[in-house]
>>> print(open('data.pdb').read())   # PDB, C-alpha atoms
ATOM      1  CA  MET A  95      28.791  96.743 -46.784
ATOM      2  CA  VAL A  96      25.920  94.296 -46.835
ATOM      3  CA  HIS A  97      26.820  90.939 -48.376
ATOM      4  CA  ARG A  98      24.938  87.740 -49.097
ATOM      5  CA  GLY A  99      25.833  84.658 -51.104
ATOM      6  CA  GLY A 100      28.943  86.170 -52.689
ATOM      7  CA  ARG A 101      27.119  89.349 -53.716
ATOM      8  CA  VAL A 102      27.221  92.869 -52.290
ATOM      9  CA  LEU A 103      24.390  95.381 -52.015
ATOM     10  CA  LEU A 104      24.964  98.762 -53.661
ATOM     11  CA  VAL A 105      22.704 101.771 -54.264
ATOM     12  CA  ARG A 106      22.882 104.473 -56.948
ATOM     13  CA  ARG A 107      23.127 107.958 -55.411
ATOM     14  CA  LYS A 108      20.611 110.648 -56.436
ATOM     15  CA  PHE A 109      22.352 113.688 -54.947
ATOM     16  CA  PRO A 110      25.813 115.295 -54.744
ATOM     17  CA  PRO A 111      28.421 114.439 -53.972
ATOM     18  CA  ASN A 112      28.766 111.394 -56.206
ATOM     19  CA  ILE A 113      25.442 111.831 -58.013
ATOM     20  CA  GLU A 114      24.515 108.748 -60.124
ATOM     21  CA  LYS A 115      27.455 106.723 -58.811
ATOM     22  CA  TRP A 116      27.004 103.354 -57.151
ATOM     23  CA  ALA A 117      27.847 103.280 -53.451
ATOM     24  CA  ILE A 118      27.660 101.324 -50.246
ATOM     25  CA  PRO A 119      24.513 102.335 -48.310
ATOM     26  CA  GLY A 120      25.361 104.652 -45.448
ATOM     27  CA  GLY A 121      25.159 108.145 -44.077
ATOM     28  CA  LEU A 122      25.859 110.533 -41.255
ATOM     29  CA  VAL A 123      26.244 109.746 -37.574
ATOM     30  CA  GLU A 124      23.617 111.450 -35.419
ATOM     31  CA  LEU A 125      24.526 113.251 -32.210
ATOM     32  CA  GLY A 126      25.030 110.733 -29.385
ATOM     33  CA  GLU A 127      25.024 107.717 -31.725
ATOM     34  CA  THR A 128      27.831 105.171 -32.061
ATOM     35  CA  VAL A 129      29.346 104.696 -35.509
ATOM     36  CA  GLU A 130      28.205 101.061 -35.603
ATOM     37  CA  HIS A 131      24.629 101.995 -34.669
ATOM     38  CA  ALA A 132      24.657 104.715 -37.347
ATOM     39  CA  ALA A 133      25.665 102.124 -39.957
ATOM     40  CA  VAL A 134      22.829  99.787 -38.960
ATOM     41  CA  ARG A 135      20.295 102.655 -38.903
ATOM     42  CA  GLU A 136      21.430 104.130 -42.227
ATOM     43  CA  ILE A 137      21.306 100.743 -43.974
ATOM     44  CA  ARG A 138      17.755 100.262 -42.720
ATOM     45  CA  GLU A 139      16.702 103.767 -43.766
ATOM     46  CA  GLU A 140      18.295 103.482 -47.216
ATOM     47  CA  THR A 141      17.436  99.869 -48.055
ATOM     48  CA  GLY A 142      14.738  98.620 -45.688
ATOM     49  CA  LEU A 143      17.010  95.833 -44.436
ATOM     50  CA  ARG A 144      17.764  95.020 -40.821
ATOM     51  CA  VAL A 145      21.374  93.897 -40.650
ATOM     52  CA  GLU A 146      23.832  92.382 -38.215
ATOM     53  CA  VAL A 147      27.300  93.934 -38.182
ATOM     54  CA  GLU A 148      30.036  91.312 -38.468
ATOM     55  CA  ASP A 149      33.301  93.242 -38.604
ATOM     56  CA  LEU A 150      35.023  96.528 -39.379
ATOM     57  CA  LEU A 151      36.077  96.473 -43.031
ATOM     58  CA  ASP A 152      37.739  99.826 -43.734
ATOM     59  CA  VAL A 153      38.192 103.470 -42.672
ATOM     60  CA  GLN A 154      38.834 106.231 -45.226
ATOM     61  CA  THR A 155      38.832 109.998 -45.598
ATOM     62  CA  ASP A 156      36.831 111.427 -48.534
ATOM     63  CA  ILE A 157      37.424 115.094 -49.372
ATOM     64  CA  HIS A 158      35.623 116.895 -52.219
ATOM     65  CA  GLN A 159      36.568 120.308 -53.571
ATOM     66  CA  ASP A 160      34.540 122.553 -55.863
ATOM     67  CA  GLU A 161      35.782 123.893 -59.209
ATOM     68  CA  LYS A 162      37.597 126.735 -57.384
ATOM     69  CA  GLY A 163      39.465 124.282 -55.172
ATOM     70  CA  GLU A 164      37.422 125.212 -52.102
ATOM     71  CA  LEU A 165      36.497 122.495 -49.630
ATOM     72  CA  GLU A 166      32.945 121.343 -50.372
ATOM     73  CA  TYR A 167      32.550 118.040 -48.496
ATOM     74  CA  HIS A 168      34.735 116.207 -45.980
ATOM     75  CA  TYR A 169      33.718 112.759 -44.763
ATOM     76  CA  VAL A 170      35.285 110.061 -42.634
ATOM     77  CA  LEU A 171      33.981 106.774 -44.052
ATOM     78  CA  VAL A 172      33.762 103.834 -41.666
ATOM     79  CA  ASP A 173      32.726 100.685 -43.516
ATOM     80  CA  TYR A 174      31.418  97.688 -41.632
ATOM     81  CA  LEU A 175      30.732  94.250 -43.056
ATOM     82  CA  ALA A 176      27.125  93.261 -42.373
ATOM     83  CA  LYS A 177      24.731  90.469 -43.232
ATOM     84  CA  PRO A 178      20.979  90.917 -43.773
ATOM     85  CA  LYS A 179      18.702  89.574 -41.040
ATOM     86  CA  GLU A 180      15.264  90.565 -42.315
ATOM     87  CA  GLY A 181      13.407  92.866 -44.660
ATOM     88  CA  LYS A 182      13.048  93.413 -48.393
ATOM     89  CA  VAL A 183      15.304  95.791 -50.273
ATOM     90  CA  ARG A 184      13.802  99.052 -51.444
ATOM     91  CA  VAL A 185      15.373 102.450 -52.015
ATOM     92  CA  ASN A 186      14.511 105.656 -50.209
ATOM     93  CA  GLN A 187      14.531 109.199 -51.602
ATOM     94  CA  GLU A 188      18.358 109.328 -51.570
ATOM     95  CA  SER A 189      18.848 106.583 -54.176
ATOM     96  CA  SER A 190      17.547 105.854 -57.667
ATOM     97  CA  ALA A 191      18.334 102.123 -57.864
ATOM     98  CA  TRP A 192      19.771  99.169 -55.965
ATOM     99  CA  GLY A 193      21.222  95.775 -56.741
ATOM    100  CA  TRP A 194      23.029  92.705 -55.450
ATOM    101  CA  PHE A 195      26.274  92.447 -57.423
ATOM    102  CA  THR A 196      28.888  89.748 -57.961
ATOM    103  CA  GLN A 197      32.576  90.631 -57.892
ATOM    104  CA  SER A 198      32.871  91.163 -61.655
ATOM    105  CA  GLN A 199      29.631  93.156 -61.802
ATOM    106  CA  ALA A 200      30.497  95.364 -58.816
ATOM    107  CA  LEU A 201      34.016  96.105 -60.019
ATOM    108  CA  SER A 202      32.714  97.164 -63.453
ATOM    109  CA  LEU A 203      30.244  99.749 -62.068
ATOM    110  CA  ASP A 204      30.813 103.503 -61.895
ATOM    111  CA  THR A 205      31.242 103.688 -58.121
ATOM    112  CA  THR A 206      32.319 106.345 -55.676
ATOM    113  CA  ARG A 207      36.058 106.360 -55.049
ATOM    114  CA  GLY A 208      35.621 105.017 -51.505
ATOM    115  CA  THR A 209      33.243 102.273 -52.615
ATOM    116  CA  GLY A 210      35.749 101.129 -55.241
ATOM    117  CA  VAL A 211      38.473 100.833 -52.603
ATOM    118  CA  VAL A 212      36.246  98.877 -50.209
ATOM    119  CA  LEU A 213      34.952  96.548 -52.951
ATOM    120  CA  LYS A 214      38.497  95.620 -53.956
ATOM    121  CA  LYS A 215      39.445  95.007 -50.327
ATOM    122  CA  TYR A 216      36.316  92.915 -49.667
ATOM    123  CA  PHE A 217      36.733  90.717 -52.740
ATOM    124  CA  ARG A 218      40.488  90.296 -52.102
ATOM    125  CA  GLN A 219      39.695  88.973 -48.617
ATOM    126  CA  ARG A 220      36.714  86.877 -49.696
ATOM    127  CA  PRO A 221      37.444  85.044 -52.954
ATOM    128  CA  ARG A 222      34.601  83.953 -55.221
TER     129      ARG A 222
END
>>> encode(input="data.pdb", output="structure tokens")
Amino acid sequence: MVHRGGRVLLVRRKFPPNIEKWAIPGGLVELGETVEHAAVREIREETGLRVEVEDLLDVQTDIHQDEKGELEYHYVLVDYLAKPKEGKVRVNQESSAWGWFTQSQALSLDTTRGTGVVLKKYFRQRPR
């Protein structure tokens, strides 16, 4: 999760799962890549920002089933806290919008389940 001045950076997803929901920028780990490096790379690819990882924030499991109850997606979400170092925010083809959000704004958005959990944890640990 990228944060700056009491605000967090979120993107709106274009594709399933979680289409049109707000989420923390991120993605898949590539073969031979560390989880931390994947987070830095994915943030840059999705937002254009170069970031510095500060700390591990949360680890979750996210399982999605289709309408028949069959496993459709299974992710392990590793969320790091990061601060921007350089670059201007822009979205790539995976997102339709982005924004820096305050606590009240972020908690009122239609977010992915995992993003909602991490936002609550972040704002509990870092009061306004």
>>> closest_residue(input="data.pdb", among="A:Gly163, A:Gly121, A:Gly142, A:Gly99", to="Val185 in chain A", atoms="only C-alpha atoms")
A:Gly142
>>> residues_near_point(input="data.pdb", point="(24.4, 100.8, -44.8)", cutoff="10 Å", atoms="all atoms listed in the file", output="VMD selection string")
chain A and resid 95 to 96 103 to 105 117 to 121 130 132 to 145 147 173 to 176
>>> closest_residue(input="data.pdb", among="A:Glu127, A:Tyr169, A:Lys179, A:Lys162", to="Glu146 in chain A", atoms="all atoms listed in the file")
A:Lys179
>>> closest_residue(input="data.pdb", among="A:Phe109, A:Trp116, A:Trp192, A:Tyr167", to="Gly210 in chain A", atoms="only C-alpha atoms")
A:Trp116
>>> atom_distance(input="data.pdb", atom1="CA of Ser202 in chain A", atom2="CA of Lys214 in chain A")
11.2 Å
>>> resolve_selection(input="data.pdb", expression="the PyMOL selection byres ((chain A and resi 197) around 9)", output="list in words")
Gly100, Arg101, Val102, Phe195, Thr196, Ser198, Gln199, Ala200, Leu201, Ser202, Leu213, Lys214, Phe217, Pro221 and Arg222 of chain A
>>> write_last_selection(input="data.pdb", atoms="C-alpha atoms", output="mmCIF file, in the coordinates of the input")
data_model
loop_
_atom_site.group_PDB
_atom_site.id
_atom_site.type_symbol
_atom_site.label_atom_id
_atom_site.label_comp_id
_atom_site.auth_asym_id
_atom_site.auth_seq_id
_atom_site.Cartn_x
_atom_site.Cartn_y
_atom_site.Cartn_z
ATOM 1 C CA GLY A 100 28.943 86.170 -52.689
ATOM 2 C CA ARG A 101 27.119 89.349 -53.716
ATOM 3 C CA VAL A 102 27.221 92.869 -52.290
ATOM 4 C CA PHE A 195 26.274 92.447 -57.423
ATOM 5 C CA THR A 196 28.888 89.748 -57.961
ATOM 6 C CA SER A 198 32.871 91.163 -61.655
ATOM 7 C CA GLN A 199 29.631 93.156 -61.802
ATOM 8 C CA ALA A 200 30.497 95.364 -58.816
ATOM 9 C CA LEU A 201 34.016 96.105 -60.019
ATOM 10 C CA SER A 202 32.714 97.164 -63.453
ATOM 11 C CA LEU A 213 34.952 96.548 -52.951
ATOM 12 C CA LYS A 214 38.497 95.620 -53.956
ATOM 13 C CA PHE A 217 36.733 90.717 -52.740
ATOM 14 C CA PRO A 221 37.444 85.044 -52.954
ATOM 15 C CA ARG A 222 34.601 83.953 -55.221
#
>>> closest_residue(input="data.pdb", among="A:Arg220, A:Pro178, A:Asp204, A:His168", to="Leu122 in chain A", atoms="only C-alpha atoms")
A:His168
>>> atom_distance(input="data.pdb", atom1="CA of Glu166 in chain A", atom2="CA of Gly126 in chain A")
24.8 Å
>>> atom_distance(input="data.pdb", atom1="CA of His97 in chain A", atom2="CA of Lys177 in chain A")
5.6 Å
>>> axis_aligned_box(input="data.pdb", around="range 174-191 of chain A", padding_each_side="4 Å", output="JSON")
{"center_x": 22.2, "center_y": 99.5, "center_z": -49.5, "size_x": 26.4, "size_y": 27.8, "size_z": 24.8}
>>> build_atoms(input="data.pdb", residues="range 163-195 of chain A", atoms="N, CA and C atoms", output="PDB file, in the frame of the given file")
ATOM      1  N   GLY A 163      38.530 124.904 -56.098  1.00  0.00           N
ATOM      2  CA  GLY A 163      39.465 124.282 -55.172  1.00  0.00           C
ATOM      3  C   GLY A 163      39.084 124.462 -53.714  1.00  0.00           C
ATOM      4  N   GLU A 164      37.906 125.018 -53.469  1.00  0.00           N
ATOM      5  CA  GLU A 164      37.422 125.212 -52.102  1.00  0.00           C
ATOM      6  C   GLU A 164      36.839 123.913 -51.558  1.00  0.00           C
ATOM      7  N   LEU A 165      37.044 123.682 -50.274  1.00  0.00           N
ATOM      8  CA  LEU A 165      36.497 122.495 -49.630  1.00  0.00           C
ATOM      9  C   LEU A 165      34.973 122.522 -49.705  1.00  0.00           C
ATOM     10  N   GLU A 166      34.391 121.436 -50.228  1.00  0.00           N
ATOM     11  CA  GLU A 166      32.945 121.343 -50.372  1.00  0.00           C
ATOM     12  C   GLU A 166      32.350 120.292 -49.433  1.00  0.00           C
ATOM     13  N   TYR A 167      32.984 119.123 -49.371  1.00  0.00           N
ATOM     14  CA  TYR A 167      32.550 118.040 -48.496  1.00  0.00           C
ATOM     15  C   TYR A 167      33.780 117.384 -47.897  1.00  0.00           C
ATOM     16  N   HIS A 168      33.648 116.939 -46.636  1.00  0.00           N
ATOM     17  CA  HIS A 168      34.735 116.207 -45.980  1.00  0.00           C
ATOM     18  C   HIS A 168      34.087 115.132 -45.107  1.00  0.00           C
ATOM     19  N   TYR A 169      34.315 113.879 -45.472  1.00  0.00           N
ATOM     20  CA  TYR A 169      33.718 112.759 -44.763  1.00  0.00           C
ATOM     21  C   TYR A 169      34.797 111.822 -44.239  1.00  0.00           C
ATOM     22  N   VAL A 170      34.518 111.205 -43.104  1.00  0.00           N
ATOM     23  CA  VAL A 170      35.285 110.061 -42.634  1.00  0.00           C
ATOM     24  C   VAL A 170      34.371 108.865 -42.849  1.00  0.00           C
ATOM     25  N   LEU A 171      34.794 107.933 -43.684  1.00  0.00           N
ATOM     26  CA  LEU A 171      33.981 106.774 -44.052  1.00  0.00           C
ATOM     27  C   LEU A 171      34.418 105.565 -43.242  1.00  0.00           C
ATOM     28  N   VAL A 172      33.500 105.022 -42.467  1.00  0.00           N
ATOM     29  CA  VAL A 172      33.762 103.834 -41.666  1.00  0.00           C
ATOM     30  C   VAL A 172      32.865 102.731 -42.228  1.00  0.00           C
ATOM     31  N   ASP A 173      33.482 101.742 -42.850  1.00  0.00           N
ATOM     32  CA  ASP A 173      32.726 100.685 -43.516  1.00  0.00           C
ATOM     33  C   ASP A 173      32.761  99.399 -42.705  1.00  0.00           C
ATOM     34  N   TYR A 174      31.570  98.953 -42.339  1.00  0.00           N
ATOM     35  CA  TYR A 174      31.418  97.688 -41.632  1.00  0.00           C
ATOM     36  C   TYR A 174      30.921  96.628 -42.606  1.00  0.00           C
ATOM     37  N   LEU A 175      31.268  95.392 -42.339  1.00  0.00           N
ATOM     38  CA  LEU A 175      30.732  94.250 -43.056  1.00  0.00           C
ATOM     39  C   LEU A 175      29.482  93.809 -42.301  1.00  0.00           C
ATOM     40  N   ALA A 176      28.382  93.623 -43.018  1.00  0.00           N
ATOM     41  CA  ALA A 176      27.125  93.261 -42.373  1.00  0.00           C
ATOM     42  C   ALA A 176      26.374  92.237 -43.212  1.00  0.00           C
ATOM     43  N   LYS A 177      25.566  91.427 -42.516  1.00  0.00           N
ATOM     44  CA  LYS A 177      24.731  90.469 -43.232  1.00  0.00           C
ATOM     45  C   LYS A 177      23.268  90.816 -42.964  1.00  0.00           C
ATOM     46  N   PRO A 178      22.395  90.614 -43.965  1.00  0.00           N
ATOM     47  CA  PRO A 178      20.979  90.917 -43.773  1.00  0.00           C
ATOM     48  C   PRO A 178      20.329  89.914 -42.826  1.00  0.00           C
ATOM     49  N   LYS A 179      19.453  90.430 -41.967  1.00  0.00           N
ATOM     50  CA  LYS A 179      18.702  89.574 -41.040  1.00  0.00           C
ATOM     51  C   LYS A 179      17.244  89.461 -41.465  1.00  0.00           C
ATOM     52  N   GLU A 180      16.662  90.588 -41.871  1.00  0.00           N
ATOM     53  CA  GLU A 180      15.264  90.565 -42.315  1.00  0.00           C
ATOM     54  C   GLU A 180      14.960  91.817 -43.124  1.00  0.00           C
ATOM     55  N   GLY A 181      13.857  91.741 -43.864  1.00  0.00           N
ATOM     56  CA  GLY A 181      13.407  92.866 -44.660  1.00  0.00           C
ATOM     57  C   GLY A 181      13.591  92.620 -46.145  1.00  0.00           C
ATOM     58  N   LYS A 182      12.926  93.449 -46.937  1.00  0.00           N
ATOM     59  CA  LYS A 182      13.048  93.413 -48.393  1.00  0.00           C
ATOM     60  C   LYS A 182      13.694  94.706 -48.833  1.00  0.00           C
ATOM     61  N   VAL A 183      14.595  94.605 -49.806  1.00  0.00           N
ATOM     62  CA  VAL A 183      15.304  95.791 -50.273  1.00  0.00           C
ATOM     63  C   VAL A 183      14.360  96.705 -51.032  1.00  0.00           C
ATOM     64  N   ARG A 184      14.476  97.979 -50.717  1.00  0.00           N
ATOM     65  CA  ARG A 184      13.802  99.052 -51.444  1.00  0.00           C
ATOM     66  C   ARG A 184      14.648 100.300 -51.232  1.00  0.00           C
ATOM     67  N   VAL A 185      14.577 101.226 -52.167  1.00  0.00           N
ATOM     68  CA  VAL A 185      15.373 102.450 -52.015  1.00  0.00           C
ATOM     69  C   VAL A 185      14.531 103.559 -51.407  1.00  0.00           C
ATOM     70  N   ASN A 186      15.194 104.477 -50.726  1.00  0.00           N
ATOM     71  CA  ASN A 186      14.511 105.656 -50.209  1.00  0.00           C
ATOM     72  C   ASN A 186      14.755 106.818 -51.169  1.00  0.00           C
ATOM     73  N   GLN A 187      14.432 108.021 -50.739  1.00  0.00           N
ATOM     74  CA  GLN A 187      14.531 109.199 -51.602  1.00  0.00           C
ATOM     75  C   GLN A 187      15.968 109.574 -51.965  1.00  0.00           C
ATOM     76  N   GLU A 188      16.961 108.986 -51.301  1.00  0.00           N
ATOM     77  CA  GLU A 188      18.358 109.328 -51.570  1.00  0.00           C
ATOM     78  C   GLU A 188      18.971 108.530 -52.725  1.00  0.00           C
ATOM     79  N   SER A 189      18.292 107.473 -53.163  1.00  0.00           N
ATOM     80  CA  SER A 189      18.848 106.583 -54.176  1.00  0.00           C
ATOM     81  C   SER A 189      17.861 106.369 -55.308  1.00  0.00           C
ATOM     82  N   SER A 190      18.411 106.083 -56.510  1.00  0.00           N
ATOM     83  CA  SER A 190      17.547 105.854 -57.667  1.00  0.00           C
ATOM     84  C   SER A 190      17.449 104.385 -58.055  1.00  0.00           C
ATOM     85  N   ALA A 191      18.343 103.553 -57.523  1.00  0.00           N
ATOM     86  CA  ALA A 191      18.334 102.123 -57.864  1.00  0.00           C
ATOM     87  C   ALA A 191      19.148 101.362 -56.823  1.00  0.00           C
ATOM     88  N   TRP A 192      18.999 100.035 -56.849  1.00  0.00           N
ATOM     89  CA  TRP A 192      19.771  99.169 -55.965  1.00  0.00           C
ATOM     90  C   TRP A 192      20.015  97.856 -56.688  1.00  0.00           C
ATOM     91  N   GLY A 193      20.983  97.090 -56.174  1.00  0.00           N
ATOM     92  CA  GLY A 193      21.222  95.775 -56.741  1.00  0.00           C
ATOM     93  C   GLY A 193      22.191  94.971 -55.902  1.00  0.00           C
ATOM     94  N   TRP A 194      22.057  93.641 -56.031  1.00  0.00           N
ATOM     95  CA  TRP A 194      23.029  92.705 -55.450  1.00  0.00           C
ATOM     96  C   TRP A 194      23.999  92.365 -56.570  1.00  0.00           C
ATOM     97  N   PHE A 195      25.298  92.587 -56.354  1.00  0.00           N
ATOM     98  CA  PHE A 195      26.274  92.447 -57.423  1.00  0.00           C
ATOM     99  C   PHE A 195      27.371  91.441 -57.073  1.00  0.00           C
TER     100      PHE A 195
END
